[in-house]
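query06.pdb follows; it contains PDB, C-alpha atoms.
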```
ATOM      1  CA  MET A   1     181.765 -48.457  58.258
ATOM      2  CA  THR A   2     178.367 -49.480  56.874
ATOM      3  CA  THR A   3     176.680 -52.377  58.652
ATOM      4  CA  THR A   4     174.372 -54.459  56.480
ATOM      5  CA  LEU A   5     172.089 -57.437  57.102
ATOM      6  CA  ILE A   6     171.002 -59.609  54.168
ATOM      7  CA  THR A   7     168.358 -62.285  54.694
ATOM      8  CA  GLY A   8     168.739 -65.503  52.736
ATOM      9  CA  ALA A   9     172.360 -64.606  52.051
ATOM     10  CA  ASN A  10     173.868 -68.086  52.006
ATOM     11  CA  LYS A  11     173.338 -68.596  48.256
ATOM     12  CA  GLY A  12     172.134 -67.089  45.000
ATOM     13  CA  LEU A  13     171.322 -63.397  44.818
ATOM     14  CA  GLY A  14     171.781 -62.911  48.542
ATOM     15  CA  PHE A  15     175.272 -64.393  48.514
ATOM     16  CA  GLU A  16     176.351 -62.401  45.458
ATOM     17  CA  THR A  17     174.939 -59.205  46.953
ATOM     18  CA  ALA A  18     176.855 -59.886  50.145
ATOM     19  CA  ARG A  19     180.057 -60.556  48.204
ATOM     20  CA  ARG A  20     179.785 -57.284  46.319
ATOM     21  CA  LEU A  21     178.995 -55.257  49.418
ATOM     22  CA  VAL A  22     181.883 -56.806  51.346
ATOM     23  CA  GLU A  23     184.116 -55.655  48.482
ATOM     24  CA  ALA A  24     182.587 -52.185  48.849
ATOM     25  CA  GLY A  25     183.580 -52.092  52.526
ATOM     26  CA  HIS A  26     180.321 -53.074  54.236
ATOM     27  CA  THR A  27     180.298 -55.177  57.391
ATOM     28  CA  ILE A  28     177.890 -57.931  56.361
ATOM     29  CA  TYR A  29     175.632 -60.086  58.482
ATOM     30  CA  VAL A  30     174.576 -63.215  56.616
ATOM     31  CA  GLY A  31     171.044 -64.089  57.695
ATOM     32  CA  CYS A  32     170.258 -67.775  57.188
ATOM     33  CA  ARG A  33     167.971 -70.418  58.713
ATOM     34  CA  ASP A  34     170.541 -73.221  58.468
ATOM     35  CA  ALA A  35     173.481 -72.624  60.797
ATOM     36  CA  HIS A  36     175.951 -74.798  58.874
ATOM     37  CA  ARG A  37     175.174 -73.196  55.516
ATOM     38  CA  GLY A  38     175.119 -69.739  57.019
ATOM     39  CA  ARG A  39     178.456 -70.106  58.780
ATOM     40  CA  THR A  40     180.037 -71.597  55.669
ATOM     41  CA  ALA A  41     178.792 -68.706  53.521
ATOM     42  CA  ALA A  42     179.906 -66.119  56.075
ATOM     43  CA  ALA A  43     183.379 -67.646  56.300
ATOM     44  CA  THR A  44     183.695 -67.642  52.520
ATOM     45  CA  LEU A  45     182.587 -64.014  52.311
ATOM     46  CA  GLY A  46     184.504 -62.649  55.263
ATOM     47  CA  ALA A  47     181.186 -61.794  56.898
ATOM     48  CA  ARG A  48     179.316 -62.469  60.131
ATOM     49  CA  PHE A  49     176.627 -65.128  60.494
ATOM     50  CA  VAL A  50     173.342 -64.619  62.279
ATOM     51  CA  ARG A  51     170.718 -67.334  62.446
ATOM     52  CA  LEU A  52     167.504 -65.889  61.055
ATOM     53  CA  ASP A  53     164.287 -67.611  60.010
ATOM     54  CA  VAL A  54     161.984 -64.895  58.714
ATOM     55  CA  THR A  55     158.907 -67.053  59.406
ATOM     56  CA  ASP A  56     159.757 -67.399  63.116
ATOM     57  CA  GLU A  57     159.071 -64.401  65.346
ATOM     58  CA  ASP A  58     161.424 -65.589  68.092
ATOM     59  CA  SER A  59     164.220 -66.201  65.589
ATOM     60  CA  VAL A  60     163.838 -62.710  64.146
ATOM     61  CA  LYS A  61     163.841 -61.081  67.581
ATOM     62  CA  ALA A  62     166.914 -63.075  68.612
ATOM     63  CA  ALA A  63     168.710 -62.020  65.415
ATOM     64  CA  ALA A  64     167.946 -58.368  66.112
ATOM     65  CA  ALA A  65     169.253 -58.721  69.669
ATOM     66  CA  PHE A  66     172.438 -60.372  68.371
ATOM     67  CA  VAL A  67     173.143 -57.629  65.824
ATOM     68  CA  ARG A  68     172.400 -54.948  68.418
ATOM     69  CA  ALA A  69     174.907 -56.473  70.839
ATOM     70  CA  ASP A  70     177.493 -57.277  68.184
ATOM     71  CA  ALA A  71     177.378 -54.144  66.043
ATOM     72  CA  ASP A  72     175.312 -51.654  68.022
ATOM     73  CA  GLY A  73     173.465 -50.579  64.889
ATOM     74  CA  LEU A  74     172.331 -51.334  61.360
ATOM     75  CA  ASP A  75     172.576 -49.121  58.278
ATOM     76  CA  VAL A  76     171.256 -51.329  55.489
ATOM     77  CA  LEU A  77     168.668 -54.124  55.502
ATOM     78  CA  VAL A  78     168.252 -56.265  52.387
ATOM     79  CA  ASN A  79     165.140 -58.440  52.560
ATOM     80  CA  ASN A  80     166.170 -61.094  50.063
ATOM     81  CA  ALA A  81     164.787 -64.309  51.583
ATOM     82  CA  GLY A  82     161.943 -65.696  49.496
ATOM     83  CA  ILE A  83     160.284 -68.887  48.333
ATOM     84  CA  VAL A  84     158.704 -69.856  45.014
ATOM     85  CA  GLY A  85     155.598 -71.107  46.785
ATOM     86  CA  ALA A  86     153.407 -74.019  45.760
ATOM     87  CA  GLY A  87     154.839 -73.972  42.252
ATOM     88  CA  LYS A  88     151.465 -74.465  40.574
ATOM     89  CA  LEU A  89     152.384 -72.718  37.333
ATOM     90  CA  GLY A  90     149.271 -72.097  35.252
ATOM     91  CA  ARG A  91     147.071 -73.936  37.763
ATOM     92  CA  VAL A  92     145.598 -70.983  39.610
ATOM     93  CA  GLY A  93     142.421 -72.883  40.470
ATOM     94  CA  GLU A  94     144.399 -75.462  42.434
ATOM     95  CA  VAL A  95     146.071 -72.954  44.751
ATOM     96  CA  THR A  96     144.658 -73.175  48.264
ATOM     97  CA  ALA A  97     144.461 -70.642  51.052
ATOM     98  CA  ALA A  98     147.099 -72.697  52.877
ATOM     99  CA  ASP A  99     149.384 -72.377  49.846
ATOM    100  CA  MET A 100     148.889 -68.628  49.869
ATOM    101  CA  MET A 101     149.565 -68.329  53.595
ATOM    102  CA  THR A 102     152.797 -70.318  53.326
ATOM    103  CA  THR A 103     154.106 -68.178  50.471
ATOM    104  CA  TYR A 104     153.076 -64.898  52.063
ATOM    105  CA  ASP A 105     154.550 -65.943  55.406
ATOM    106  CA  THR A 106     158.024 -65.776  53.886
ATOM    107  CA  ASN A 107     157.686 -63.297  51.014
ATOM    108  CA  VAL A 108     155.550 -60.658  52.746
ATOM    109  CA  PHE A 109     155.021 -61.282  56.448
ATOM    110  CA  GLY A 110     158.674 -62.257  56.844
ATOM    111  CA  VAL A 111     159.700 -58.839  55.547
ATOM    112  CA  VAL A 112     157.336 -57.194  58.022
ATOM    113  CA  ARG A 113     158.704 -59.258  60.919
ATOM    114  CA  VAL A 114     162.289 -58.390  60.092
ATOM    115  CA  ARG A 115     161.578 -54.707  59.489
ATOM    116  CA  HIS A 116     159.682 -54.454  62.767
ATOM    117  CA  ALA A 117     162.425 -56.132  64.809
ATOM    118  CA  PHE A 118     165.275 -54.161  63.254
ATOM    119  CA  LEU A 119     163.553 -50.761  63.066
ATOM    120  CA  PRO A 120     165.173 -49.367  66.239
ATOM    121  CA  LEU A 121     168.616 -50.237  64.869
ATOM    122  CA  LEU A 122     167.846 -48.658  61.499
ATOM    123  CA  GLU A 123     166.477 -45.516  63.117
ATOM    124  CA  ALA A 124     169.794 -45.070  64.935
ATOM    125  CA  SER A 125     171.657 -44.934  61.606
ATOM    126  CA  ASP A 126     172.571 -41.650  59.915
ATOM    127  CA  ALA A 127     171.428 -42.945  56.505
ATOM    128  CA  PRO A 128     169.287 -46.080  56.875
ATOM    129  CA  VAL A 129     168.313 -48.041  53.768
ATOM    130  CA  VAL A 130     165.938 -50.971  53.225
ATOM    131  CA  VAL A 131     165.907 -52.942  49.975
ATOM    132  CA  ASN A 132     163.071 -55.406  49.396
ATOM    133  CA  VAL A 133     163.736 -57.957  46.656
ATOM    134  CA  SER A 134     160.549 -58.256  44.619
ATOM    135  CA  SER A 135     160.144 -59.423  41.006
ATOM    136  CA  GLY A 136     158.898 -58.286  37.626
ATOM    137  CA  LEU A 137     156.169 -60.875  38.212
ATOM    138  CA  GLY A 138     154.911 -58.525  40.931
ATOM    139  CA  SER A 139     154.261 -55.758  38.400
ATOM    140  CA  LEU A 140     150.608 -55.526  37.373
ATOM    141  CA  ALA A 141     151.633 -53.601  34.279
ATOM    142  CA  ALA A 142     154.183 -56.186  33.169
ATOM    143  CA  CYS A 143     151.851 -59.116  33.808
ATOM    144  CA  ALA A 144     149.101 -57.435  31.756
ATOM    145  CA  ASP A 145     151.372 -56.580  28.803
ATOM    146  CA  PRO A 146     151.282 -59.325  26.130
ATOM    147  CA  ASP A 147     154.681 -58.164  24.878
ATOM    148  CA  ARG A 148     156.283 -58.905  28.260
ATOM    149  CA  VAL A 149     157.380 -62.385  29.294
ATOM    150  CA  GLU A 150     155.790 -61.813  32.714
ATOM    151  CA  SER A 151     152.348 -61.996  31.082
ATOM    152  CA  GLN A 152     152.997 -65.649  30.245
ATOM    153  CA  VAL A 153     153.688 -66.680  33.855
ATOM    154  CA  THR A 154     150.494 -67.377  35.799
ATOM    155  CA  VAL A 155     151.337 -68.182  39.420
ATOM    156  CA  LEU A 156     148.812 -66.987  41.988
ATOM    157  CA  ASP A 157     150.743 -67.157  45.254
ATOM    158  CA  TYR A 158     154.251 -66.083  44.210
ATOM    159  CA  ASN A 159     153.245 -63.291  41.808
ATOM    160  CA  SER A 160     150.707 -61.746  44.155
ATOM    161  CA  SER A 161     153.127 -61.938  47.100
ATOM    162  CA  LYS A 162     155.660 -59.911  45.122
ATOM    163  CA  THR A 163     152.982 -57.349  44.218
ATOM    164  CA  ALA A 164     152.056 -57.082  47.883
ATOM    165  CA  LEU A 165     155.720 -56.571  48.758
ATOM    166  CA  VAL A 166     155.948 -53.537  46.469
ATOM    167  CA  MET A 167     152.936 -51.968  48.180
ATOM    168  CA  VAL A 168     154.356 -52.779  51.620
ATOM    169  CA  THR A 169     157.527 -50.989  50.518
ATOM    170  CA  ALA A 170     155.586 -47.934  49.342
ATOM    171  CA  GLN A 171     153.635 -47.720  52.611
ATOM    172  CA  TYR A 172     156.779 -47.949  54.736
ATOM    173  CA  ALA A 173     158.419 -45.230  52.636
ATOM    174  CA  LYS A 174     155.537 -42.857  53.281
ATOM    175  CA  ALA A 175     155.275 -43.649  56.974
ATOM    176  CA  LEU A 176     159.017 -43.619  57.723
ATOM    177  CA  PRO A 177     160.563 -40.878  55.554
ATOM    178  CA  ALA A 178     163.909 -40.938  57.379
ATOM    179  CA  ILE A 179     164.565 -44.423  55.944
ATOM    180  CA  ARG A 180     165.074 -45.098  52.233
ATOM    181  CA  PHE A 181     162.701 -47.966  51.347
ATOM    182  CA  ASN A 182     162.780 -49.387  47.831
ATOM    183  CA  ALA A 183     161.740 -52.586  46.060
ATOM    184  CA  VAL A 184     163.832 -54.091  43.286
ATOM    185  CA  ASP A 185     163.341 -56.489  40.382
ATOM    186  CA  PRO A 186     166.571 -58.448  39.787
ATOM    187  CA  GLY A 187     165.209 -59.937  36.560
ATOM    188  CA  TYR A 188     165.019 -63.586  35.553
ATOM    189  CA  THR A 189     168.147 -64.774  37.302
ATOM    190  CA  ALA A 190     169.449 -68.346  37.422
ATOM    191  CA  THR A 191     169.020 -69.419  41.057
ATOM    192  CA  ASP A 192     167.658 -72.364  43.034
ATOM    193  CA  LEU A 193     164.305 -70.554  43.090
ATOM    194  CA  ASN A 194     163.732 -71.318  39.386
ATOM    195  CA  GLY A 195     165.856 -74.422  39.029
ATOM    196  CA  HIS A 196     168.633 -72.289  37.493
ATOM    197  CA  ARG A 197     166.536 -71.722  34.381
ATOM    198  CA  GLY A 198     166.954 -67.940  34.584
ATOM    199  CA  THR A 199     168.541 -66.160  31.647
ATOM    200  CA  GLN A 200     170.724 -63.896  33.796
ATOM    201  CA  SER A 201     173.700 -64.704  36.000
ATOM    202  CA  VAL A 202     173.581 -63.920  39.709
ATOM    203  CA  GLU A 203     176.167 -61.227  39.022
ATOM    204  CA  GLU A 204     173.730 -59.527  36.642
ATOM    205  CA  GLY A 205     170.742 -60.038  38.915
ATOM    206  CA  ALA A 206     172.475 -58.669  41.987
ATOM    207  CA  GLU A 207     173.398 -55.424  40.220
ATOM    208  CA  ILE A 208     170.206 -53.544  41.114
ATOM    209  CA  VAL A 209     170.147 -54.951  44.659
ATOM    210  CA  VAL A 210     173.683 -53.725  45.289
ATOM    211  CA  ARG A 211     173.006 -50.377  43.637
ATOM    212  CA  MET A 212     169.979 -49.667  45.817
ATOM    213  CA  ALA A 213     171.729 -50.900  48.958
ATOM    214  CA  MET A 214     174.400 -48.264  48.403
ATOM    215  CA  ILE A 215     172.204 -45.190  48.009
ATOM    216  CA  GLY A 216     172.667 -42.399  50.500
ATOM    217  CA  ALA A 217     170.277 -40.307  52.567
ATOM    218  CA  ASP A 218     169.406 -38.297  49.447
ATOM    219  CA  GLY A 219     168.538 -41.398  47.412
ATOM    220  CA  PRO A 220     165.058 -42.324  46.178
ATOM    221  CA  THR A 221     162.444 -43.887  48.416
ATOM    222  CA  GLY A 222     159.132 -45.629  47.840
ATOM    223  CA  GLY A 223     160.158 -46.823  44.380
ATOM    224  CA  PHE A 224     160.370 -50.060  42.413
ATOM    225  CA  PHE A 225     163.516 -50.391  40.316
ATOM    226  CA  ASP A 226     165.313 -52.710  37.926
ATOM    227  CA  THR A 227     168.666 -52.188  36.222
ATOM    228  CA  ASN A 228     167.065 -49.852  33.686
ATOM    229  CA  GLY A 229     165.432 -47.573  36.241
ATOM    230  CA  PRO A 230     161.910 -47.260  37.705
ATOM    231  CA  VAL A 231     159.538 -50.160  37.065
ATOM    232  CA  VAL A 232     155.963 -49.355  36.062
ATOM    233  CA  TRP A 233     153.808 -51.430  38.340
TER     234      TRP A 233
END
```

Please, can you express the file's structure as structure tokens?
Amino acid sequence: MTTTLITGANKGLGFETARRLVEAGHTIYVGCRDAHRGRTAAATLGARFVRLDVTDEDSVKAAAAFVRADADGLDVLVNNAGIVGAGKLGRVGEVTAADMMTTYDTNVFGVVRVRHAFLPLLEASDAPVVVNVSSGLGSLAACADPDRVESQVTVLDYNSSKTALVMVTAQYAKALPAIRFNAVDPGYTATDLNGHRGTQSVEEGAEIVVRMAMIGADGPTGGFFDTNGPVVW
């Protein structure tokens, strides 16, 4: 049985990823800040709830202790929790250092907190996998290509946080070769994050997340992928 934790799994991409992995036979832990929403999502999915606020060190440590006691291990970690940030589209000059810190605290530092707390559980797995949900907006190549829609979206805090997340993924992959670390771009998916303006369904967006969560010990590591394959970043 594969044991999997998904952060921010009470809705959107996280929920759909959890649903698909439950169908595939995974034991899923739904990580969520809000206990009511998390328990409701877990009950709907046939999963387990664990309270987890990626911006709170004590919450992350408590979640790791709960999973250790409840499951005695972890095979797959999907870092899905993320925020859109200050939302100052096209107003780069108005973004403050405080805006940046808030966005990075969830989108980057939150991933580091969770990875650090759950590393001993992952290292005990025979085939540990970590999937970090990034974005095409984190690709320098895509954002610099006038033929790509990403080049039209100028958001300092969110875009740069997703670029940083890809590099964090690459560094972990090099430092911890026994664990498969990969970043994914789900594409422009209709979720609360973008006011449901995305052009893809959550079913379509979750495809690459699920695919990378199900790789084995011989799967790729240190990469950035979308549904079409490696992303140039």

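Using only C-alpha atoms, the shortest contact distance between Asp218 (chain A) and any of A:Arg180, A:His36, A:Arg113, A:Arg148 is found at A:Arg180.
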
Determine, using only C-alpha atoms, which residues of region 52-140 of chain A have any atom at most 7 Å from an atom of region 156-159 of chain A, and tabulate each with its shortest atom pair and distance in Å to one decimal place, rows ordered by chain and then rising number, as JSON lines.
```
{"residue": "A:Val84", "atom": "CA", "partner": "A:Tyr158", "partner_atom": "CA", "distance": 5.9}
{"residue": "A:Gly85", "atom": "CA", "partner": "A:Tyr158", "partner_atom": "CA", "distance": 5.8}
{"residue": "A:Val92", "atom": "CA", "partner": "A:Leu156", "partner_atom": "CA", "distance": 5.7}
{"residue": "A:Met100", "atom": "CA", "partner": "A:Asp157", "partner_atom": "CA", "distance": 5.2}
{"residue": "A:Thr103", "atom": "CA", "partner": "A:Asp157", "partner_atom": "CA", "distance": 6.3}
{"residue": "A:Leu137", "atom": "CA", "partner": "A:Asn159", "partner_atom": "CA", "distance": 5.2}
{"residue": "A:Gly138", "atom": "CA", "partner": "A:Asn159", "partner_atom": "CA", "distance": 5.1}
```

Quiz item: Can you list, as a list in words, the residues that the PyMOL selection byres ((chain A and resi 167) around 10) selects here?
Solution: Gly138, Lys162, Thr163, Ala164, Leu165, Val166, Val168, Thr169, Ala170, Gln171, Tyr172, Ala173, Ala183, Gly222, Gly223, Phe224 and Trp233 of chain A

Quiz item: Applied to this file, what does the PyMOL selection byres ((chain A and resi 3-5) around 7) return in terms of residues, put as a ChimeraX atom specification?
Solution: /A:1-2,6-7,26-31,74-78

Write to file, as a PDB file, keeping the file's coordinate frame, the residues of the selection just made, with C-alpha atoms.
```
ATOM      1  CA  MET A   1     181.765 -48.457  58.258  1.00  0.00           C
ATOM      2  CA  THR A   2     178.367 -49.480  56.874  1.00  0.00           C
ATOM      3  CA  ILE A   6     171.002 -59.609  54.168  1.00  0.00           C
ATOM      4  CA  THR A   7     168.358 -62.285  54.694  1.00  0.00           C
ATOM      5  CA  HIS A  26     180.321 -53.074  54.236  1.00  0.00           C
ATOM      6  CA  THR A  27     180.298 -55.177  57.391  1.00  0.00           C
ATOM      7  CA  ILE A  28     177.890 -57.931  56.361  1.00  0.00           C
ATOM      8  CA  TYR A  29     175.632 -60.086  58.482  1.00  0.00           C
ATOM      9  CA  VAL A  30     174.576 -63.215  56.616  1.00  0.00           C
ATOM     10  CA  GLY A  31     171.044 -64.089  57.695  1.00  0.00           C
ATOM     11  CA  LEU A  74     172.331 -51.334  61.360  1.00  0.00           C
ATOM     12  CA  ASP A  75     172.576 -49.121  58.278  1.00  0.00           C
ATOM     13  CA  VAL A  76     171.256 -51.329  55.489  1.00  0.00           C
ATOM     14  CA  LEU A  77     168.668 -54.124  55.502  1.00  0.00           C
ATOM     15  CA  VAL A  78     168.252 -56.265  52.387  1.00  0.00           C
TER      16      VAL A  78
END
```

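Coordinates place CA of Glu16 (chain A) at a distance of 18.4 Å from CA of Val129 (chain A).
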
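Closest approach to Arg39 (chain A) among A:Ile83, A:Met214, A:Ala62, A:Leu52: A:Leu52, based on all atoms listed in the file.
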
Exercise. Would you write out, as an MDAnalysis selection string, every residue that the PyMOL selection byres ((chain A and resi 107) around 10) captures in this file?
Key: chainID A and resid 54:55 79:85 101:106 108:112 132:134 157:158 160:162 164:165

Quiz item: Of the candidates A:Ile179, A:Val155, A:Ala144, A:Ala47, which one gets nearest to Ala213 (chain A) if we count only C-alpha atoms?
Solution: A:Ile179
